[in-house]
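Trainee: Below you'll find the structure I mean.
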Amino acid sequence: MKKLNKIYSTSQIHELDKYTIENEPISALDLMERAAMVWCECFVNMFKESAQVAVFVGTGNNGGDGYAIARLLQGRGREVVVYRVMTGAEMSPECEANYQRWIEMEGKVKEMTIADDLRLNKEVVVIDALFGSGLNRPLRGLVKEVIQQLNAGENMIVSVDLPSGLMGEDNSQNDREAIVRADYTFTFQFPKLAFMLPENAPYVGEWQVLSNIGLHPEVLAKTDTPWNYITADVVERILPTPEKFAHKGMNGRGLLIAGSVGMMGAAILAAKAAVRSGVGLLYCHVPTEARDLMQMAVPEALLEIDPSQVRFTDVCHPMEYDAVAVGPAIGQDPETAAALRMLLQHWKGRMILDADALNLMAEHRDLLELLQEGCILTPHLKEFERLAGKSGNDFERLNKLSIFANRYHVNVVLKGAYSVIATPEGHLFFNMSGNPGMAKGGSGDVLTGVLLGLAANGLDMLEVAVAGVYAHGLSGDIVAEEQGCRGVTSGMIAEGMGKAWKKLERGVERKRVKKIINK
């Protein structure tokens with residue numbers, strides 16, 4: 001996959017800044033000024049009514065950002081006071097330069113030697129510029145005390161680049177009481193890995209990437225990172241333009257093995273999502289007693305009837321399909337486990353495994369050795385723990401995810417906020433679509449159907465995962481926009497897949513037309 005949205009480590013970001021300064025050419029101070037201007041533009045657009053601002057600064061470059069931001073906001077008519085936390089450390093050259101500029105324009109500075117000096121009116125918006133991405137140890141002493149007072153207050157807090165005290169990647173050994181709990185974080189150029197981890201959500205708040213600070217494009221292109229994030233632009237580059245003379249055979253035949261008597265909702269949701277995600281012919285393998293229900297609920301589906309009245313126990317003709325999805329609500333009966341084993345032994349094509357298929361593999365570990373290379377597993381958190389064991393924290397879980405994907409040569413979609421796709425090669429892709437309203441039963445079944453539809457179309461399996469996860473979240477976003485988060489249902493997400501694909505296909509067409517014009 002080309003032209004990915006990369007997430008760089010904090011050490012890489014330092015090198016990117018350094019390369020830009022040396023090769024653009026631009027001074028470190030001017031690069032800081034450029035970043036501060038972009039940050040302030042975002043701030044004033046969001047906080048149009050706030051007149052009073054308190055900027056808390058340290059002695060490093062994040063503090064330099066803070067002084068520059070204070071100066072620019074005061075120039076826009078805001079009443080600004082800078083709170084300088086006196087730790088005894090020397091200021092960086094850029095911080096010193098921006099401090100002098102602030103003093104020259106008679107900016108207000110309050111030097112804090114003890115945390116009890118902190119007294120703020122409720123209407124004041126706090127800008128946190130104490131520490132940035134260079135932090136590699138937990139904060140202690142006065143800075144920690146100041147942070148604790150800020151967190152205990154009622155003021156809105158907006159962090160510059162990274163909430164002070166939060167490290168850019170691994171926070172497993174951090175002191176959680178010494179991290180700013182920001183309401184908003186405006187970060188520079190790209191998100192930080194820490195933003196993607198659930199345990200850091202109370203500190204990051206809502207975050208926004210300020211992408212036009214001007215880092216050198218050459219070094220961005222040639223700097224590799226295992227971490228990426230998925231946006232509409234990435235998916236639009238993946239999706240092929242539909243063939244004018246396409247027919248149902250060209251769009252692929254998908255087999256969905258899902259459901260058991262009393263649990264057919266999962267199969268229906270997955271089937272509806274598959275037929276709305278481009279599959280040419282959808283075959284649904286269902287128990288005998290569920291035949292009529294499935295036929296009425298999804299008339300587009302062709303049925304393959306299991307010999308069992310109530311559950312999945314046998315596979316008829318797996319070689320006839322272009323892709324197979326198995327797992328939603330099939331149960332964990334011994335007969336079903338035997339049927340899954342038979343399927344894995346005989347089917348060596350494109351496959352998606354979800355729900356009970358994963359639970360059966362966790363119970364019968366030898367089934368993992370039968371997985372076809374490149375197939376897609378879609379566990380939620382608990383299902384992944386059954387497969388790979390519990391983790392002490394979210395960063396450790398990411399490592400386990402990468403190890404698992406590499407060990408079994410599969411693509412794993414760990415579902416949740418910022419669903420992450422792990423590849424056998426060690427890459428991680430974080431999804432930027434979706435919302436809390438999708439945390440409902442059946443949402444994962446819909447994703448299984450979406451992935452089956454794309455896999456039957458013949459896309460590369462990583463592209464299937466990337467496009468499917470994003471489109472699934474986009475459908476949820478469209479429903480939430482219309483119904484509100486609480487009003488989102490899994491059925492609505494399945495029904496809304498058409499709107500999601502329409503939105504993405506318009507982007508594909510715009511890119512195609514632009515490419516033709518540029519020729």
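Every chain in the structure tokens has a letter given in the order shown (A, B, ...), and although residue numbers restart at 1 in each chain, ligands are simply numbered from 1 in the order shown.
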Which residues are near A:Ala28? Cut-off 9 Å, only C-alpha atoms, ignore same chain within fewer than 3 positions. Put them as a count of residues only.

Mentor: 8

Trainee: Against stretch 436-453 of chain A, which residues of stretch 288-369 of chain A fall within 9 Å? For each one I want the closest pair of atoms and the distance in Å (one decimal), counting only C-alpha atoms, rows by chain and increasing residue number, as a tab-separated table.

Mentor:
```
residue	atom	partner	partner_atom	distance
A:Ala323	CA	A:Leu452	CA	6.6
A:Val324	CA	A:Leu452	CA	6.8
A:Ala325	CA	A:Leu452	CA	6.0
A:Val326	CA	A:Thr448	CA	8.4
A:Gly327	CA	A:Thr448	CA	8.8
A:Pro328	CA	A:Asp445	CA	6.1
A:Ala329	CA	A:Asp445	CA	8.9
A:Arg350	CA	A:Leu452	CA	9.0
A:Met351	CA	A:Leu452	CA	7.9
A:Ile352	CA	A:Leu452	CA	6.8
A:Leu353	CA	A:Thr448	CA	7.9
A:Asp354	CA	A:Thr448	CA	6.9
A:Ala355	CA	A:Asp445	CA	8.2
```

Trainee: Save out the residues we just selected, all heavy atoms, as a tab-separated table (two decimals), in the first residue's frame.

Mentor:
```
chain	number	residue	atom	x	y	z
A	323	ALA	N	-14.52	-16.42	-1.52
A	323	ALA	CA	-14.17	-16.04	-0.15
A	323	ALA	C	-15.18	-16.66	0.81
A	323	ALA	O	-16.35	-16.87	0.45
A	323	ALA	CB	-14.16	-14.52	0.01
A	324	VAL	N	-14.73	-16.92	2.02
A	324	VAL	CA	-15.58	-17.52	3.05
A	324	VAL	C	-15.44	-16.71	4.34
A	324	VAL	O	-14.32	-16.32	4.72
A	324	VAL	CB	-15.17	-18.99	3.32
A	324	VAL	CG1	-15.96	-19.55	4.51
A	324	VAL	CG2	-15.38	-19.85	2.09
A	325	ALA	N	-16.57	-16.45	4.98
A	325	ALA	CA	-16.57	-15.85	6.32
A	325	ALA	C	-17.30	-16.79	7.26
A	325	ALA	O	-18.37	-17.32	6.92
A	325	ALA	CB	-17.26	-14.49	6.31
A	326	VAL	N	-16.75	-17.01	8.44
A	326	VAL	CA	-17.33	-17.97	9.37
A	326	VAL	C	-17.23	-17.45	10.80
A	326	VAL	O	-16.26	-16.81	11.16
A	326	VAL	CB	-16.62	-19.35	9.25
A	326	VAL	CG1	-15.13	-19.23	9.51
A	326	VAL	CG2	-17.24	-20.38	10.20
A	327	GLY	N	-18.30	-17.71	11.58
A	327	GLY	CA	-18.18	-17.43	13.00
A	327	GLY	C	-19.34	-16.79	13.72
A	327	GLY	O	-19.65	-17.19	14.84
A	328	PRO	N	-20.00	-15.76	13.17
A	328	PRO	CA	-21.03	-15.08	13.95
A	328	PRO	C	-22.14	-16.02	14.43
A	328	PRO	O	-22.84	-16.62	13.62
A	328	PRO	CB	-21.58	-14.02	12.97
A	328	PRO	CG	-20.43	-13.74	12.06
A	328	PRO	CD	-19.76	-15.06	11.88
A	329	ALA	N	-22.24	-16.18	15.74
A	329	ALA	CA	-23.33	-16.93	16.39
A	329	ALA	C	-23.44	-18.38	15.95
A	329	ALA	O	-24.52	-18.95	15.97
A	329	ALA	CB	-24.67	-16.20	16.17
A	350	ARG	N	-9.47	-17.31	0.50
A	350	ARG	CA	-9.63	-16.08	1.27
A	350	ARG	C	-10.68	-16.31	2.36
A	350	ARG	O	-11.77	-16.81	2.09
A	350	ARG	CB	-10.05	-14.96	0.33
A	350	ARG	CG	-9.07	-14.81	-0.84
A	350	ARG	CD	-9.73	-14.18	-2.07
A	350	ARG	NE	-9.91	-12.75	-1.87
A	350	ARG	CZ	-8.93	-11.86	-1.96
A	350	ARG	NH1	-7.69	-12.25	-2.23
A	350	ARG	NH2	-9.17	-10.59	-1.79
A	351	MET	N	-10.34	-15.91	3.58
A	351	MET	CA	-11.21	-16.24	4.70
A	351	MET	C	-11.23	-15.13	5.75
A	351	MET	O	-10.22	-14.49	6.00
A	351	MET	CB	-10.78	-17.56	5.36
A	351	MET	CG	-11.62	-17.98	6.55
A	351	MET	SD	-11.15	-19.59	7.21
A	351	MET	CE	-12.16	-20.65	6.17
A	352	ILE	N	-12.43	-14.94	6.34
A	352	ILE	CA	-12.62	-14.04	7.48
A	352	ILE	C	-13.18	-14.87	8.62
A	352	ILE	O	-14.15	-15.63	8.44
A	352	ILE	CB	-13.60	-12.89	7.14
A	352	ILE	CG1	-13.03	-12.03	6.00
A	352	ILE	CG2	-13.87	-12.03	8.37
A	352	ILE	CD1	-13.56	-12.38	4.64
A	353	LEU	N	-12.59	-14.76	9.80
A	353	LEU	CA	-13.03	-15.52	10.97
A	353	LEU	C	-13.40	-14.56	12.10
A	353	LEU	O	-12.62	-13.65	12.43
A	353	LEU	CB	-11.94	-16.49	11.44
A	353	LEU	CG	-11.54	-17.56	10.42
A	353	LEU	CD1	-10.19	-17.19	9.79
A	353	LEU	CD2	-11.47	-18.93	11.04
A	354	ASP	N	-14.58	-14.79	12.69
A	354	ASP	CA	-15.09	-13.86	13.70
A	354	ASP	C	-15.78	-14.65	14.81
A	354	ASP	O	-16.10	-15.84	14.66
A	354	ASP	CB	-16.09	-12.90	13.03
A	354	ASP	CG	-16.64	-11.86	13.98
A	354	ASP	OD1	-15.91	-11.43	14.90
A	354	ASP	OD2	-17.82	-11.47	13.84
A	355	ALA	N	-16.02	-14.00	15.91
A	355	ALA	CA	-16.90	-14.45	16.98
A	355	ALA	C	-16.63	-15.88	17.42
A	355	ALA	O	-15.55	-16.19	17.90
A	355	ALA	CB	-18.36	-14.26	16.52
```

Trainee: Give me the stretch 117-185 of chain A side of the contact with stretch 54-70 of chain A, cut-off 9 Å, one line per residue showing its nearest atom pair and distance in Å at one decimal, counting only C-alpha atoms, sorted by chain and residue number, as a Markdown table.

Mentor:
```
| residue | atom | partner | partner_atom | distance |
| --- | --- | --- | --- | --- |
| A:Leu120 | CA | A:Ala54 | CA | 8.4 |
| A:Val124 | CA | A:Ala54 | CA | 6.6 |
| A:Val125 | CA | A:Ala54 | CA | 6.2 |
| A:Val126 | CA | A:Ala54 | CA | 4.8 |
| A:Ile127 | CA | A:Val55 | CA | 4.6 |
| A:Asp128 | CA | A:Phe56 | CA | 5.3 |
| A:Ala129 | CA | A:Val57 | CA | 4.8 |
| A:Leu130 | CA | A:Gly58 | CA | 4.2 |
| A:Phe131 | CA | A:Asn62 | CA | 5.5 |
| A:Gly132 | CA | A:Asn62 | CA | 5.2 |
| A:Ser133 | CA | A:Asn62 | CA | 8.2 |
| A:Gly134 | CA | A:Gly60 | CA | 8.8 |
| A:Val143 | CA | A:Gly58 | CA | 8.7 |
| A:Val160 | CA | A:Asn62 | CA | 7.4 |
| A:Asp161 | CA | A:Asn62 | CA | 8.1 |
```

Trainee: So, counting only C-alpha atoms, which residue among A:Gln345, A:Gln372, A:Thr378, A:Gln74 is closest to A:Tyr408?

Mentor: A:Gln372

Trainee: Could you state the separation of atom CA of A:Lys415 and atom CA of A:Val261 in Å, given to one decimal place?

Mentor: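 Going from atom CA of A:Lys415 over to atom CA of A:Val261 covers 26.0 Å.
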
Trainee: From a DSSP pass on the backbone, collect the residues of stretch 368-491 of chain A flagged as alpha helix (DSSP H) and hand them back as an MDAnalysis selection string.

Mentor: chainID A and resid 381:388 394:408 443:457 461:483 490:491

Trainee: Those residues with C-alpha atoms, as an mmCIF file, in the first residue's frame please?

Mentor:
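The result, stored in result-v1.cif:
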```
data_model
loop_
_atom_site.group_PDB
_atom_site.id
_atom_site.type_symbol
_atom_site.label_atom_id
_atom_site.label_comp_id
_atom_site.auth_asym_id
_atom_site.auth_seq_id
_atom_site.Cartn_x
_atom_site.Cartn_y
_atom_site.Cartn_z
ATOM 1 C CA LEU A 381 -10.949 -7.295 23.245
ATOM 2 C CA LYS A 382 -12.166 -10.337 25.202
ATOM 3 C CA GLU A 383 -11.910 -12.626 22.184
ATOM 4 C CA PHE A 384 -8.349 -11.508 21.599
ATOM 5 C CA GLU A 385 -7.482 -12.138 25.241
ATOM 6 C CA ARG A 386 -8.768 -15.697 24.861
ATOM 7 C CA LEU A 387 -6.499 -16.138 21.856
ATOM 8 C CA ALA A 388 -3.350 -14.365 23.056
ATOM 9 C CA ASP A 394 -2.826 -1.171 26.106
ATOM 10 C CA PHE A 395 0.736 -0.716 24.831
ATOM 11 C CA GLU A 396 1.588 -4.287 25.819
ATOM 12 C CA ARG A 397 -1.557 -5.440 24.021
ATOM 13 C CA LEU A 398 -0.339 -3.792 20.796
ATOM 14 C CA ASN A 399 2.884 -5.762 21.049
ATOM 15 C CA LYS A 400 0.937 -8.985 21.619
ATOM 16 C CA LEU A 401 -1.231 -8.170 18.618
ATOM 17 C CA SER A 402 1.802 -7.771 16.360
ATOM 18 C CA ILE A 403 3.400 -10.945 17.702
ATOM 19 C CA PHE A 404 0.197 -12.937 17.167
ATOM 20 C CA ALA A 405 -0.264 -11.685 13.591
ATOM 21 C CA ASN A 406 3.340 -12.548 12.774
ATOM 22 C CA ARG A 407 3.238 -15.937 14.507
ATOM 23 C CA TYR A 408 0.219 -17.157 12.502
ATOM 24 C CA SER A 443 -21.939 -4.326 15.022
ATOM 25 C CA GLY A 444 -19.099 -6.827 14.618
ATOM 26 C CA ASP A 445 -21.350 -9.154 12.597
ATOM 27 C CA VAL A 446 -21.942 -6.309 10.170
ATOM 28 C CA LEU A 447 -18.173 -5.863 9.795
ATOM 29 C CA THR A 448 -17.804 -9.570 8.970
ATOM 30 C CA GLY A 449 -20.281 -9.153 6.121
ATOM 31 C CA VAL A 450 -18.535 -6.043 4.805
ATOM 32 C CA LEU A 451 -15.180 -7.841 4.758
ATOM 33 C CA LEU A 452 -16.706 -10.863 3.002
ATOM 34 C CA GLY A 453 -18.146 -8.663 0.270
ATOM 35 C CA LEU A 454 -14.778 -7.027 -0.401
ATOM 36 C CA ALA A 455 -12.831 -10.286 -0.190
ATOM 37 C CA ALA A 456 -15.129 -11.893 -2.757
ATOM 38 C CA ASN A 457 -14.413 -8.930 -5.046
ATOM 39 C CA MET A 461 -6.628 -9.041 1.979
ATOM 40 C CA LEU A 462 -4.898 -6.172 3.768
ATOM 41 C CA GLU A 463 -6.801 -3.770 1.537
ATOM 42 C CA VAL A 464 -9.984 -5.678 2.380
ATOM 43 C CA ALA A 465 -9.322 -5.093 6.080
ATOM 44 C CA VAL A 466 -8.382 -1.421 5.677
ATOM 45 C CA ALA A 467 -11.275 -0.493 3.372
ATOM 46 C CA GLY A 468 -13.819 -2.632 5.208
ATOM 47 C CA VAL A 469 -13.027 -1.372 8.696
ATOM 48 C CA TYR A 470 -13.111 2.259 7.569
ATOM 49 C CA ALA A 471 -16.337 1.927 5.540
ATOM 50 C CA HIS A 472 -18.022 0.094 8.426
ATOM 51 C CA GLY A 473 -17.122 2.957 10.779
ATOM 52 C CA LEU A 474 -18.193 5.522 8.195
ATOM 53 C CA SER A 475 -21.638 3.916 7.978
ATOM 54 C CA GLY A 476 -21.863 4.175 11.761
ATOM 55 C CA ASP A 477 -20.892 7.853 11.555
ATOM 56 C CA ILE A 478 -23.570 8.531 8.946
ATOM 57 C CA VAL A 479 -26.196 6.833 11.127
ATOM 58 C CA ALA A 480 -25.021 8.727 14.236
ATOM 59 C CA GLU A 481 -25.246 12.009 12.336
ATOM 60 C CA GLU A 482 -28.863 11.214 11.467
ATOM 61 C CA GLN A 483 -29.998 9.443 14.647
ATOM 62 C CA SER A 490 -26.392 -2.598 14.096
ATOM 63 C CA GLY A 491 -29.224 -3.016 11.637
#
```

Trainee: If we count only C-alpha atoms and set the cut-off at 6 Å, which residues sit around stretch 306-315 of chain A, ignoring sequence neighbours fewer than 4 positions away in its own chain? Please answer as a PyMOL selection string.

Mentor: chain A and resi 260-261+286-289+335-336+339

Trainee: Taking only stretch 159-396 of chain A into account, list the residues labelled strand (DSSP E or B) by DSSP (computed from the backbone), as number ranges by chain.

Mentor: A: 159-160, 184-188, 206-210, 227-230, 253-257, 281-286, 302-305, 323-326, 350-353, 376-377

Trainee: Out of A:Gly262, A:Gly165, A:Pro202, A:Gly214, which residue has the shortest atom-to-atom distance to A:Gln189 when counting only C-alpha atoms?

Mentor: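 Counting only C-alpha atoms, the residue closest to A:Gln189 is A:Gly214.
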
Trainee: Between atom CA of A:Gly259 and atom CA of A:Gly331, what is the distance, to one decimal in Å?

Mentor: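 One can read the atom CA of A:Gly259 to atom CA of A:Gly331 distance as 7.9 Å.
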
Trainee: Mind checking which residues fall within 10 Å of A:Met296, counting only C-alpha atoms, ignoring those fewer than 5 positions away in the same chain, and posting them as a list in words?

Mentor: Ile268, Arg291 and Ala301 of chain A

Trainee: What lies within 10 Å of A:Ile147 using only C-alpha atoms, ignoring chain neighbours under 3 positions off, as number ranges by chain?

Mentor: A: 56, 115, 128, 130, 139, 142-144, 150-153, 164-165, 177-181

Trainee: From the options A:Leu282, A:Met263, A:Ala271, A:Val38, which residue's atoms come nearest to A:Lys248, counting only C-alpha atoms?

Mentor: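 Of the candidates, the smallest distance to A:Lys248 is held by A:Leu282.
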
Trainee: Just checking: using only C-alpha atoms, which residue out of A:Val146, A:Ala417, A:Val219, A:Leu4 ends up closest to A:Arg84?

Mentor: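 That would be A:Val146, the residue with the smallest distance to A:Arg84.
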
Trainee: Using only C-alpha atoms for the distances, tell me which of A:Thr489, A:Asn435, A:Ser277, A:Asn5 is nearest to A:Leu504.

Mentor: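 Selected residue with least distance to A:Leu504: A:Ser277.
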
Trainee: Just checking: using only C-alpha atoms, which residue out of A:Ile26, A:Glu96, A:Met294, A:Ile13 ends up closest to A:Phe190?

Mentor: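 Once distances to A:Phe190 are computed over only C-alpha atoms, the minimum belongs to A:Ile13.
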
Trainee: What does the structure give for the distance between atom CA of A:Cys95 and atom CA of A:Leu166, in Å to one decimal?

Mentor: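 Between atom CA of A:Cys95 and atom CA of A:Leu166 the gap works out to 20.2 Å.
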